[in-house]
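*Asks:* Take a look at protein-v3.pdb, PDB, C-alpha atoms:
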ATOM      1  CA  MET A 722     -30.985  26.596  -6.892
ATOM      2  CA  THR A 723     -28.176  24.246  -7.875
ATOM      3  CA  THR A 724     -27.705  21.233  -5.609
ATOM      4  CA  LEU A 725     -24.113  20.603  -4.568
ATOM      5  CA  VAL A 726     -23.082  16.953  -4.390
ATOM      6  CA  PHE A 727     -20.049  16.156  -2.254
ATOM      7  CA  GLY A 728     -18.375  13.499  -0.156
ATOM      8  CA  HIS A 729     -15.986  13.609   2.773
ATOM      9  CA  LYS A 730     -12.853  15.647   3.288
ATOM     10  CA  SER A 731      -9.612  14.096   1.941
ATOM     11  CA  PRO A 732     -11.423  12.760  -1.157
ATOM     12  CA  ASP A 733     -10.504   9.274  -2.321
ATOM     13  CA  THR A 734     -11.772   7.730  -5.555
ATOM     14  CA  ASP A 735     -15.274   6.950  -4.246
ATOM     15  CA  SER A 736     -15.663  10.383  -2.671
ATOM     16  CA  THR A 737     -14.503  11.995  -5.927
ATOM     17  CA  GLY A 738     -16.243   9.782  -8.464
ATOM     18  CA  SER A 739     -19.582   9.383  -6.698
ATOM     19  CA  PRO A 740     -20.343  13.136  -6.626
ATOM     20  CA  LEU A 741     -19.643  13.255 -10.365
ATOM     21  CA  ILE A 742     -21.856  10.224 -10.969
ATOM     22  CA  TRP A 743     -24.774  11.543  -8.935
ATOM     23  CA  ALA A 744     -24.509  15.086 -10.324
ATOM     24  CA  TRP A 745     -24.739  13.573 -13.822
ATOM     25  CA  TYR A 746     -27.817  11.593 -12.781
ATOM     26  CA  LEU A 747     -29.548  14.605 -11.230
ATOM     27  CA  ASN A 748     -28.775  16.851 -14.206
ATOM     28  CA  GLU A 749     -29.304  14.497 -17.126
ATOM     29  CA  VAL A 750     -31.976  12.094 -15.853
ATOM     30  CA  LYS A 751     -33.884  13.871 -13.088
ATOM     31  CA  GLY A 752     -33.659  17.378 -14.541
ATOM     32  CA  THR A 753     -32.375  18.798 -11.250
ATOM     33  CA  PRO A 754     -29.536  21.315 -11.572
ATOM     34  CA  ALA A 755     -26.564  19.856  -9.696
ATOM     35  CA  GLU A 756     -22.823  20.307  -9.392
ATOM     36  CA  ALA A 757     -20.220  17.911  -8.021
ATOM     37  CA  VAL A 758     -17.750  19.594  -5.673
ATOM     38  CA  LEU A 759     -14.883  18.396  -3.479
ATOM     39  CA  LEU A 760     -14.019  19.352   0.093
ATOM     40  CA  GLY A 761     -10.298  18.882  -0.549
ATOM     41  CA  GLU A 762      -7.707  17.898  -3.129
ATOM     42  CA  PRO A 763      -8.336  14.380  -4.522
ATOM     43  CA  ASN A 764      -5.709  11.734  -3.846
ATOM     44  CA  THR A 765      -3.414  10.467  -6.596
ATOM     45  CA  GLU A 766      -5.663   7.584  -7.598
ATOM     46  CA  ALA A 767      -8.739   9.814  -7.797
ATOM     47  CA  ALA A 768      -6.806  12.336  -9.882
ATOM     48  CA  PHE A 769      -5.773   9.545 -12.254
ATOM     49  CA  VAL A 770      -9.392   8.402 -12.588
ATOM     50  CA  ILE A 771     -10.565  11.913 -13.456
ATOM     51  CA  ARG A 772      -7.960  12.113 -16.216
ATOM     52  CA  ARG A 773      -8.542   8.576 -17.470
ATOM     53  CA  TRP A 774     -12.238   9.158 -18.029
ATOM     54  CA  ASN A 775     -11.938  12.748 -19.276
ATOM     55  CA  ALA A 776     -14.092  14.043 -16.442
ATOM     56  CA  ALA A 777     -14.021  17.658 -15.395
ATOM     57  CA  LYS A 778     -12.281  17.957 -12.048
ATOM     58  CA  PRO A 779     -14.862  19.279  -9.566
ATOM     59  CA  ARG A 780     -14.042  22.601  -7.996
ATOM     60  CA  ILE A 781     -12.766  22.495  -4.442
ATOM     61  CA  VAL A 782     -14.848  24.349  -1.889
ATOM     62  CA  THR A 783     -13.782  25.338   1.615
ATOM     63  CA  GLU A 784     -17.019  27.098   2.566
ATOM     64  CA  ILE A 785     -20.642  26.467   1.604
ATOM     65  CA  ALA A 786     -23.288  29.080   2.302
ATOM     66  CA  ASP A 787     -26.039  28.316   4.795
ATOM     67  CA  GLY A 788     -29.208  27.119   3.070
ATOM     68  CA  THR A 789     -27.410  25.646   0.057
ATOM     69  CA  LYS A 790     -29.121  22.526  -1.291
ATOM     70  CA  ALA A 791     -26.815  19.542  -0.911
ATOM     71  CA  VAL A 792     -26.582  15.800  -1.402
ATOM     72  CA  ILE A 793     -24.011  14.099   0.841
ATOM     73  CA  VAL A 794     -22.365  10.928  -0.465
ATOM     74  CA  ASP A 795     -19.880   8.404   0.955
ATOM     75  CA  THR A 796     -20.210   9.671   4.538
ATOM     76  CA  ASN A 797     -22.735  10.653   7.165
ATOM     77  CA  ASN A 798     -20.155  11.796   9.704
ATOM     78  CA  PRO A 799     -20.344  15.515  10.602
ATOM     79  CA  ALA A 800     -16.614  15.499  11.427
ATOM     80  CA  GLU A 801     -15.892  14.803   7.746
ATOM     81  CA  LEU A 802     -18.215  17.513   6.426
ATOM     82  CA  PRO A 803     -18.400  21.331   6.434
ATOM     83  CA  ALA A 804     -18.646  22.811   9.918
ATOM     84  CA  ASN A 805     -22.039  24.336   9.029
ATOM     85  CA  VAL A 806     -23.469  21.124   7.554
ATOM     86  CA  ASN A 807     -26.585  21.346   9.757
ATOM     87  CA  ALA A 808     -27.301  24.782   8.305
ATOM     88  CA  LEU A 809     -27.316  23.433   4.741
ATOM     89  CA  ASP A 810     -30.478  22.227   3.023
ATOM     90  CA  VAL A 811     -29.456  18.574   2.776
ATOM     91  CA  THR A 812     -31.906  16.737   0.539
ATOM     92  CA  ALA A 813     -30.335  13.250   0.464
ATOM     93  CA  ILE A 814     -27.574  11.081   1.901
ATOM     94  CA  ILE A 815     -26.139   8.091   0.008
ATOM     95  CA  ASP A 816     -23.597   6.119   1.993
ATOM     96  CA  HIS A 817     -22.141   2.720   2.900
ATOM     97  CA  HIS A 818     -20.661   3.503   6.322
ATOM     98  CA  LYS A 819     -22.117   2.999   9.777
ATOM     99  CA  LEU A 820     -24.614   5.599  10.979
ATOM    100  CA  VAL A 821     -22.677   8.061  13.125
ATOM    101  CA  GLY A 822     -25.360  10.553  14.166
ATOM    102  CA  GLY A 823     -25.185  14.286  14.674
ATOM    103  CA  LEU A 824     -26.636  15.466  11.375
ATOM    104  CA  GLU A 825     -29.774  17.594  11.518
ATOM    105  CA  THR A 826     -31.842  18.462   8.448
ATOM    106  CA  LYS A 827     -34.496  21.047   7.694
ATOM    107  CA  GLY A 828     -37.084  18.384   6.930
ATOM    108  CA  PRO A 829     -37.521  14.744   5.918
ATOM    109  CA  ILE A 830     -34.926  13.622   3.382
ATOM    110  CA  ASP A 831     -34.012  10.569   1.328
ATOM    111  CA  ILE A 832     -31.391   8.495   3.161
ATOM    112  CA  THR A 833     -29.865   5.368   1.661
ATOM    113  CA  ILE A 834     -27.214   3.542   3.683
ATOM    114  CA  ARG A 835     -26.525  -0.001   2.547
ATOM    115  CA  PRO A 836     -23.953  -2.641   3.576
ATOM    116  CA  LEU A 837     -22.094  -2.599   0.281
ATOM    117  CA  ALA A 838     -18.425  -1.918  -0.381
ATOM    118  CA  CYS A 839     -18.921   1.222  -2.421
ATOM    119  CA  THR A 840     -21.226   4.233  -2.669
ATOM    120  CA  ALA A 841     -21.165   3.959  -6.463
ATOM    121  CA  THR A 842     -22.690   0.471  -6.264
ATOM    122  CA  ILE A 843     -25.598   1.920  -4.308
ATOM    123  CA  MET A 844     -26.003   4.660  -6.914
ATOM    124  CA  HIS A 845     -26.185   2.037  -9.655
ATOM    125  CA  ASP A 846     -29.045   0.395  -7.778
ATOM    126  CA  LEU A 847     -30.849   3.675  -7.096
ATOM    127  CA  MET A 848     -30.758   4.547 -10.790
ATOM    128  CA  GLY A 849     -32.581   1.342 -11.724
ATOM    129  CA  ASP A 850     -33.230   1.129 -15.445
ATOM    130  CA  ASP A 851     -31.770   4.614 -15.875
ATOM    131  CA  ALA A 852     -28.309   3.162 -15.237
ATOM    132  CA  ALA A 853     -28.393   2.020 -18.859
ATOM    133  CA  LYS A 854     -28.291   5.705 -19.862
ATOM    134  CA  MET A 855     -24.876   6.274 -18.319
ATOM    135  CA  PRO A 856     -22.286   7.407 -20.869
ATOM    136  CA  GLU A 857     -18.922   5.678 -21.004
ATOM    137  CA  SER A 858     -17.266   8.278 -18.767
ATOM    138  CA  ILE A 859     -19.785   7.790 -15.960
ATOM    139  CA  LYS A 860     -19.546   4.000 -16.255
ATOM    140  CA  GLY A 861     -15.769   4.349 -16.031
ATOM    141  CA  LEU A 862     -16.014   6.461 -12.898
ATOM    142  CA  MET A 863     -18.391   3.945 -11.334
ATOM    143  CA  LEU A 864     -16.142   0.996 -12.159
ATOM    144  CA  SER A 865     -13.150   2.875 -10.745
ATOM    145  CA  CYS A 866     -14.942   3.611  -7.488
ATOM    146  CA  ILE A 867     -15.899  -0.030  -6.977
ATOM    147  CA  LEU A 868     -12.470  -1.425  -7.816
ATOM    148  CA  SER A 869     -10.828   1.135  -5.538
ATOM    149  CA  ASP A 870     -13.093   0.580  -2.541
ATOM    150  CA  THR A 871     -12.951  -3.226  -2.877
ATOM    151  CA  LEU A 872      -9.199  -3.268  -3.651
ATOM    152  CA  GLU A 873     -10.101  -5.332  -6.731
ATOM    153  CA  PHE A 874     -12.396  -7.542  -4.623
ATOM    154  CA  ARG A 875      -9.687  -8.260  -2.006
ATOM    155  CA  SER A 876     -11.300  -6.198   0.745
ATOM    156  CA  PRO A 877     -13.572  -8.035   3.199
ATOM    157  CA  THR A 878     -16.167  -5.338   2.551
ATOM    158  CA  THR A 879     -16.673  -6.715  -0.980
ATOM    159  CA  THR A 880     -20.075  -8.238  -1.669
ATOM    160  CA  ALA A 881     -21.162 -10.423  -4.551
ATOM    161  CA  HIS A 882     -23.281  -7.508  -5.726
ATOM    162  CA  ASP A 883     -20.320  -5.093  -5.844
ATOM    163  CA  ARG A 884     -18.431  -7.629  -7.933
ATOM    164  CA  ALA A 885     -21.369  -8.262 -10.275
ATOM    165  CA  VAL A 886     -21.898  -4.550 -10.935
ATOM    166  CA  ALA A 887     -18.171  -4.020 -11.543
ATOM    167  CA  GLU A 888     -17.935  -6.967 -13.921
ATOM    168  CA  LYS A 889     -20.960  -5.754 -15.888
ATOM    169  CA  LEU A 890     -19.481  -2.257 -16.180
ATOM    170  CA  ALA A 891     -16.101  -3.633 -17.237
ATOM    171  CA  ALA A 892     -17.768  -5.793 -19.902
ATOM    172  CA  ASP A 893     -19.714  -2.789 -21.210
ATOM    173  CA  LEU A 894     -16.488  -0.772 -21.384
ATOM    174  CA  GLY A 895     -14.388  -3.579 -22.852
ATOM    175  CA  ILE A 896     -11.946  -3.324 -19.950
ATOM    176  CA  ALA A 897      -9.961  -6.148 -18.335
ATOM    177  CA  ILE A 898     -10.375  -5.651 -14.599
ATOM    178  CA  PRO A 899      -6.908  -6.940 -13.512
ATOM    179  CA  ALA A 900      -5.065  -4.599 -15.875
ATOM    180  CA  TYR A 901      -7.165  -1.583 -15.010
ATOM    181  CA  ALA A 902      -7.005  -2.266 -11.271
ATOM    182  CA  SER A 903      -3.219  -2.448 -11.588
ATOM    183  CA  ASP A 904      -3.249   1.027 -13.142
ATOM    184  CA  LEU A 905      -5.406   2.299 -10.273
ATOM    185  CA  PHE A 906      -3.145   0.872  -7.590
ATOM    186  CA  GLU A 907      -0.030   2.179  -9.321
ATOM    187  CA  ALA A 908      -1.545   5.661  -9.234
ATOM    188  CA  LYS A 909      -2.598   5.193  -5.601
ATOM    189  CA  SER A 910       0.972   4.213  -4.685
ATOM    190  CA  ASP A 911       2.540   7.295  -6.291
ATOM    191  CA  VAL A 912       2.868   9.400  -3.130
ATOM    192  CA  GLY A 913       6.511  10.465  -3.291
ATOM    193  CA  ALA A 914       5.651  14.123  -3.890
ATOM    194  CA  PHE A 915       3.596  14.461  -0.702
ATOM    195  CA  SER A 916       4.831  15.774   2.637
ATOM    196  CA  ASP A 917       4.525  13.663   5.776
ATOM    197  CA  ALA A 918       1.582  15.746   6.986
ATOM    198  CA  GLU A 919      -0.163  15.371   3.630
ATOM    199  CA  LEU A 920       0.307  11.597   3.751
ATOM    200  CA  LEU A 921      -1.092  11.410   7.277
ATOM    201  CA  ARG A 922      -4.212  13.311   6.180
ATOM    202  CA  MET A 923      -4.559  11.808   2.680
ATOM    203  CA  ASP A 924      -7.048   9.070   3.555
ATOM    204  CA  SER A 925      -7.967   9.867   7.111
ATOM    205  CA  LYS A 926     -11.050   9.853   9.306
ATOM    206  CA  GLU A 927     -11.690  11.060  12.845
ATOM    207  CA  TYR A 928     -13.052   8.772  15.542
ATOM    208  CA  THR A 929     -13.458   8.906  19.310
ATOM    209  CA  VAL A 930     -12.410   5.737  21.152
ATOM    210  CA  ALA A 931     -12.637   5.524  24.958
ATOM    211  CA  GLY A 932     -12.532   9.290  25.222
ATOM    212  CA  LYS A 933      -9.501   9.633  22.944
ATOM    213  CA  GLU A 934      -9.786  11.596  19.710
ATOM    214  CA  LEU A 935      -8.063   9.527  17.023
ATOM    215  CA  ARG A 936      -7.211  10.408  13.435
ATOM    216  CA  VAL A 937      -7.195   7.005  11.731
ATOM    217  CA  SER A 938      -5.199   7.164   8.514
ATOM    218  CA  VAL A 939      -4.881   4.425   5.905
ATOM    219  CA  LEU A 940      -2.510   4.336   2.955
ATOM    220  CA  GLU A 941      -3.297   1.549   0.485
ATOM    221  CA  THR A 942      -0.366   0.715  -1.761
ATOM    222  CA  THR A 943       1.362  -1.920  -3.847
ATOM    223  CA  ALA A 944       4.718  -0.423  -2.798
ATOM    224  CA  PRO A 945       4.624  -0.210   1.006
ATOM    225  CA  LYS A 946       8.421   0.122   1.265
ATOM    226  CA  LEU A 947       8.218   3.616  -0.222
ATOM    227  CA  ILE A 948       6.095   4.682   2.741
ATOM    228  CA  LEU A 949       7.710   2.579   5.444
ATOM    229  CA  ASP A 950      11.140   3.965   4.504
ATOM    230  CA  ARG A 951       9.751   7.286   5.769
ATOM    231  CA  LYS A 952       8.438   5.884   9.054
ATOM    232  CA  ALA A 953      10.759   7.937  11.296
ATOM    233  CA  SER A 954       9.734  11.262   9.780
ATOM    234  CA  LEU A 955       6.087  10.192   9.581
ATOM    235  CA  MET A 956       6.045   9.347  13.274
ATOM    236  CA  ASN A 957       7.703  12.661  14.105
ATOM    237  CA  SER A 958       5.032  14.481  12.085
ATOM    238  CA  MET A 959       2.200  12.735  13.923
ATOM    239  CA  THR A 960       2.640  15.016  16.940
ATOM    240  CA  ASP A 961       2.172  18.199  14.925
ATOM    241  CA  VAL A 962      -0.709  16.804  12.846
ATOM    242  CA  ALA A 963      -2.540  15.623  15.963
ATOM    243  CA  LYS A 964      -2.069  19.002  17.640
ATOM    244  CA  GLU A 965      -3.198  20.972  14.582
ATOM    245  CA  ASP A 966      -6.255  18.743  14.095
ATOM    246  CA  GLY A 967      -7.303  18.569  17.746
ATOM    247  CA  ALA A 968      -6.583  14.856  18.035
ATOM    248  CA  ASP A 969      -4.911  12.894  20.798
ATOM    249  CA  GLN A 970      -3.169  10.532  18.384
ATOM    250  CA  VAL A 971      -2.705   9.743  14.704
ATOM    251  CA  LEU A 972      -2.833   6.065  13.762
ATOM    252  CA  LEU A 973      -1.270   5.199  10.407
ATOM    253  CA  PHE A 974      -2.007   1.832   8.792
ATOM    254  CA  VAL A 975      -0.020   1.073   5.621
ATOM    255  CA  VAL A 976      -2.087  -1.503   3.722
ATOM    256  CA  ASP A 977      -0.160  -3.767   1.380
ATOM    257  CA  ILE A 978      -2.769  -4.530  -1.291
ATOM    258  CA  LEU A 979      -0.920  -7.498  -2.781
ATOM    259  CA  ARG A 980       0.142  -9.175   0.474
ATOM    260  CA  GLU A 981      -3.239  -8.396   2.050
ATOM    261  CA  GLU A 982      -1.874  -7.086   5.337
ATOM    262  CA  ALA A 983      -1.445  -3.800   7.169
ATOM    263  CA  THR A 984       1.559  -2.368   8.959
ATOM    264  CA  LEU A 985       0.749  -0.054  11.855
ATOM    265  CA  LEU A 986       3.346   2.534  12.854
ATOM    266  CA  VAL A 987       3.893   2.493  16.626
ATOM    267  CA  PRO A 988       5.475   5.778  17.765
ATOM    268  CA  ASN A 989       4.639   5.579  21.487
ATOM    269  CA  ASP A 990       3.141   3.570  24.328
ATOM    270  CA  LEU A 991      -0.421   4.749  23.610
ATOM    271  CA  VAL A 992      -0.357   3.294  20.090
ATOM    272  CA  LYS A 993       1.294   0.136  21.422
ATOM    273  CA  GLN A 994      -1.552  -0.187  23.949
ATOM    274  CA  ILE A 995      -4.175   0.391  21.249
ATOM    275  CA  ALA A 996      -2.559  -2.135  18.899
ATOM    276  CA  GLU A 997      -2.294  -4.896  21.469
ATOM    277  CA  ALA A 998      -5.779  -4.324  22.880
ATOM    278  CA  SER A 999      -7.426  -4.042  19.469
ATOM    279  CA  PHE A1000      -5.705  -6.690  17.381
ATOM    280  CA  GLY A1001      -4.424  -9.223  19.908
ATOM    281  CA  CYS A1002      -0.848  -8.728  18.745
ATOM    282  CA  THR A1003       2.430  -8.253  20.586
ATOM    283  CA  VAL A1004       4.354  -5.097  19.706
ATOM    284  CA  SER A1005       8.112  -5.242  20.100
ATOM    285  CA  GLY A1006       9.249  -2.355  17.911
ATOM    286  CA  ASP A1007       8.033   0.751  16.108
ATOM    287  CA  THR A1008       5.854  -1.184  13.655
ATOM    288  CA  VAL A1009       3.574  -4.206  13.829
ATOM    289  CA  VAL A1010       2.287  -6.253  10.898
ATOM    290  CA  LEU A1011      -1.401  -7.177  11.018
ATOM    291  CA  PRO A1012      -2.095 -10.076   8.598
ATOM    292  CA  GLY A1013      -5.395  -9.926   6.753
ATOM    293  CA  ILE A1014      -6.208  -6.373   7.824
ATOM    294  CA  MET A1015      -7.396  -4.476   4.741
ATOM    295  CA  SER A1016     -10.455  -2.438   5.655
ATOM    296  CA  ARG A1017     -10.669   0.529   8.008
ATOM    297  CA  LYS A1018     -14.462   0.394   7.929
ATOM    298  CA  LYS A1019     -14.908  -3.313   8.634
ATOM    299  CA  GLN A1020     -11.730  -4.436  10.390
ATOM    300  CA  ILE A1021      -9.943  -1.464  11.955
ATOM    301  CA  ILE A1022     -12.574   0.891  13.361
ATOM    302  CA  PRO A1023     -14.817  -1.812  14.907
ATOM    303  CA  ALA A1024     -11.768  -3.360  16.612
ATOM    304  CA  LEU A1025     -10.260  -0.205  18.121
ATOM    305  CA  LYS A1026     -10.093  -0.141  21.889
ATOM    306  CA  ILE A1027      -7.756   1.158  24.552
TER     307      ILE A1027
END
Written as structure tokens, that's how I'd like the structure from this file.
*Replies:*
Amino acid sequence: MTTLVFGHKSPDTDSTGSPLIWAWYLNEVKGTPAEAVLLGEPNTEAAFVIRRWNAAKPRIVTEIADGTKAVIVDTNNPAELPANVNALDVTAIIDHHKLVGGLETKGPIDITIRPLACTATIMHDLMGDDAAKMPESIKGLMLSCILSDTLEFRSPTTTAHDRAVAEKLAADLGIAIPAYASDLFEAKSDVGAFSDAELLRMDSKEYTVAGKELRVSVLETTAPKLILDRKASLMNSMTDVAKEDGADQVLLFVVDILREEATLLVPNDLVKQIAEASFGCTVSGDTVVLPGIMSRKKQIIPALKI
């Protein structure tokens, strides 16, 4: 039986590249039939990375049959996975997020969750000496994942090890990191073709805070004005998106990669309350700038309170 390798819904670069990396490793090194799949359409940066490294775009699946062998990467949160995830035959989890709980497996499995900035960095470590066997395309995917998740080492999630692995990969590929990261961020910022609802769900995760179901969305960009110019329509769309997704509120953080700050849209008193309680700021309008806030995982989610 072929093992499906997949990450979370709303695939970003790490959740698109890491399934491809690990499926290559299982197929070519371990001799285990595997296929990378996606649970949704990849974002613009991930789509660019697939093209840049001549990788085959994984097929998108909306349903996975009970009993299917699976490796879950870049998440361990059931809310970000197929509804029947506990009926799958999950054989491994590789992740760099906090342990959420709620997953149930058919037997003991391999679980690797490490405090690194990127799932692909963990995969490099798990491969050991076999990492030297990676072809150029897989090295390129791995480098892309690390640069994306670390925002070219700007994110506070970045570790010295993430940087060292990325620099080694870039040297092997003959790539200048600043130039390539600029290409990544340009692709990430190209969101003009997306509807408001698509933007709100593009890089989004579900969390419960003080009994409130929150969809926490982050848009990382080098051109925040393009998004903030749409703030009125985005805030109007939050009501419908929250209702359709069973959430109490959508929070949208627009992360300015170059200025290293986030702007939170504040459509109502609930978000104002959350912002002031969580970040110690004073909100006087429909947006608030949060200096130094770059990471949902390390800075936003742990701080959220009502």
*Asks:* Where does the PyMOL selection byres ((chain A and resi 920) around 12) land in this file, that is, which residues does it pick, as a PyMOL selection string?
*Replies:* chain A and resi 731+764-765+909-919+921-925+937-941+947-949+951-952+954-956+958-959+962+971-975
*Asks:* Name the residues that the PyMOL selection byres ((chain A and resi 888-894) around 8) pulls out of this structure, and write them as a PyMOL selection string.
*Replies:* chain A and resi 857+860-861+863-864+884-887+895-898
*Asks:* To one decimal place in Å, what is the distance between CA of Pro899 in chain A and CA of Cys866 in chain A?
*Replies:*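 Interatomic distance here is 14.6 Å.
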*Asks:* Quick one: residues within 6 Å of range 785-795 of chain A, all atoms listed in the file, excluding same-chain residues fewer than 2 positions away - as a list in words?
*Replies:* Thr724, Leu725, Val726, Phe727, Gly728, Ser736, Ala808, Leu809, Asp810, Val811, Thr812, Ala813, Ile814, Ile815, Asp816 and Thr840 of chain A
*Asks:* Generate the output file for the selected residues, C-alpha atoms, as a PDB file, keeping the file's coordinate frame.
*Replies:*
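result12.pdb was written with the following content:
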ATOM      1  CA  THR A 724     -27.705  21.233  -5.609  1.00  0.00           C
ATOM      2  CA  LEU A 725     -24.113  20.603  -4.568  1.00  0.00           C
ATOM      3  CA  VAL A 726     -23.082  16.953  -4.390  1.00  0.00           C
ATOM      4  CA  PHE A 727     -20.049  16.156  -2.254  1.00  0.00           C
ATOM      5  CA  GLY A 728     -18.375  13.499  -0.156  1.00  0.00           C
ATOM      6  CA  SER A 736     -15.663  10.383  -2.671  1.00  0.00           C
ATOM      7  CA  ALA A 808     -27.301  24.782   8.305  1.00  0.00           C
ATOM      8  CA  LEU A 809     -27.316  23.433   4.741  1.00  0.00           C
ATOM      9  CA  ASP A 810     -30.478  22.227   3.023  1.00  0.00           C
ATOM     10  CA  VAL A 811     -29.456  18.574   2.776  1.00  0.00           C
ATOM     11  CA  THR A 812     -31.906  16.737   0.539  1.00  0.00           C
ATOM     12  CA  ALA A 813     -30.335  13.250   0.464  1.00  0.00           C
ATOM     13  CA  ILE A 814     -27.574  11.081   1.901  1.00  0.00           C
ATOM     14  CA  ILE A 815     -26.139   8.091   0.008  1.00  0.00           C
ATOM     15  CA  ASP A 816     -23.597   6.119   1.993  1.00  0.00           C
ATOM     16  CA  THR A 840     -21.226   4.233  -2.669  1.00  0.00           C
TER      17      THR A 840
END
*Asks:* Give me, please, the distance in Å between CA of His817 in chain A and CA of Leu1025 in chain A, quoted to one decimal.
*Replies:*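 One can read the CA of His817 in chain A to CA of Leu1025 in chain A distance as 19.5 Å.
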*Asks:* Which neighbours of His882 in chain A fall inside 12 Å, counting only C-alpha atoms, when residues of the same chain fewer than 3 positions from it are skipped, and could you give them as a list in words?
*Replies:*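 Answer for this query is Arg835, Pro836, Leu837, Ala838, Cys839, Ala841, Thr842, Ile843, His845, Asp846, Ile867, Thr871, Phe874, Thr878, Thr879, Ala885, Val886, Ala887, Glu888 and Lys889 of chain A.
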*Asks:* Given the file above and the PyMOL selection byres ((chain A and resi 997) around 12), which residues are selected, and can you give them as a list in words?
*Replies:*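 Here the PyMOL selection byres ((chain A and resi 997) around 12) matches Leu985, Val987, Asp990, Leu991, Val992, Lys993, Gln994, Ile995, Ala996, Ala998, Ser999, Phe1000, Gly1001, Cys1002, Thr1003, Val1004, Ser1005, Thr1008, Val1009, Val1010, Leu1011, Ala1024, Leu1025, Lys1026 and Ile1027 of chain A.
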*Asks:* I'd like the contact shell of Leu760 in chain A - 10 Å cut-off, all atoms listed in the file, skipping same-chain residues fewer than 2 positions apart - returned as JSON, numbers by chain.
*Replies:* {"A": [727, 728, 729, 730, 731, 732, 736, 737, 758, 762, 763, 779, 780, 781, 782, 783, 784, 785, 801, 802, 803]}
*Asks:* Taking into account all atoms listed in the file, which residue in the set A:Leu847, A:Met855, A:Thr734, A:Glu907 is nearest to Asn748 in chain A?
*Replies:* A:Met855
*Asks:* Would you be able to write out as an NGL selection string which residues have an atom within 8 Å of (-1.5, -0.1, -6.7) in the file's coordinates, counting all atoms listed in the file?
*Replies:* :A and (902-910 or 941-944 or 978)
*Asks:* Pick out the closest residue to Ser858 in chain A from this set: A:Ala804, A:Leu935, A:Leu986, A:Ala776. Count only C-alpha atoms.
*Replies:*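 When distances to Ser858 in chain A are compared using only C-alpha atoms, the smallest one comes from A:Ala776.
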*Asks:* Check the smallest atom-to-atom distance from each of A:Leu868, A:Ala983, A:Val930, A:Ile832 to Asp969 in chain A using all atoms listed in the file, then report the winner.
*Replies:* A:Val930
*Asks:* So the first atom is CA of Met844 in chain A and the second is CA of Ile742 in chain A; what is the distance between them in Å, to one decimal place?
*Replies:*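 So the answer is 8.0 Å.
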*Asks:* Which residue, A:Lys819, A:Asn957, A:Val976, A:Pro799, has the smallest gap to Asn989 in chain A when you use only C-alpha atoms?
*Replies:*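 Ranking A:Lys819, A:Asn957, A:Val976, A:Pro799 by distance to Asn989 in chain A, first place goes to A:Asn957.
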*Asks:* Excluding Leu820 in chain A and its own-chain neighbours fewer than 3 positions away, which residues fall within 10 Å of it when counting all atoms listed in the file? Please give them as an mmCIF file with C-alpha atoms, in the frame of the given file.
*Replies:*
data_model
loop_
_atom_site.group_PDB
_atom_site.id
_atom_site.type_symbol
_atom_site.label_atom_id
_atom_site.label_comp_id
_atom_site.auth_asym_id
_atom_site.auth_seq_id
_atom_site.Cartn_x
_atom_site.Cartn_y
_atom_site.Cartn_z
ATOM 1 C CA THR A 796 -20.210 9.671 4.538
ATOM 2 C CA ASN A 797 -22.735 10.653 7.165
ATOM 3 C CA ASN A 798 -20.155 11.796 9.704
ATOM 4 C CA ASP A 816 -23.597 6.119 1.993
ATOM 5 C CA HIS A 817 -22.141 2.720 2.900
ATOM 6 C CA GLY A 823 -25.185 14.286 14.674
ATOM 7 C CA ILE A 834 -27.214 3.542 3.683
#
*Asks:* With distances taken over all atoms listed in the file, which residue among A:Ile830, A:Met722, A:Val806, A:Ala963 lies nearest Thr753 in chain A?
*Replies:* A:Met722
*Asks:* Using only C-alpha atoms for the distances, tell me which of A:Gly828, A:Glu965, A:Gly822, A:Asp733 is nearest to Ile771 in chain A.
*Replies:*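 Using only C-alpha atoms, Ile771 in chain A sits closest to A:Asp733.
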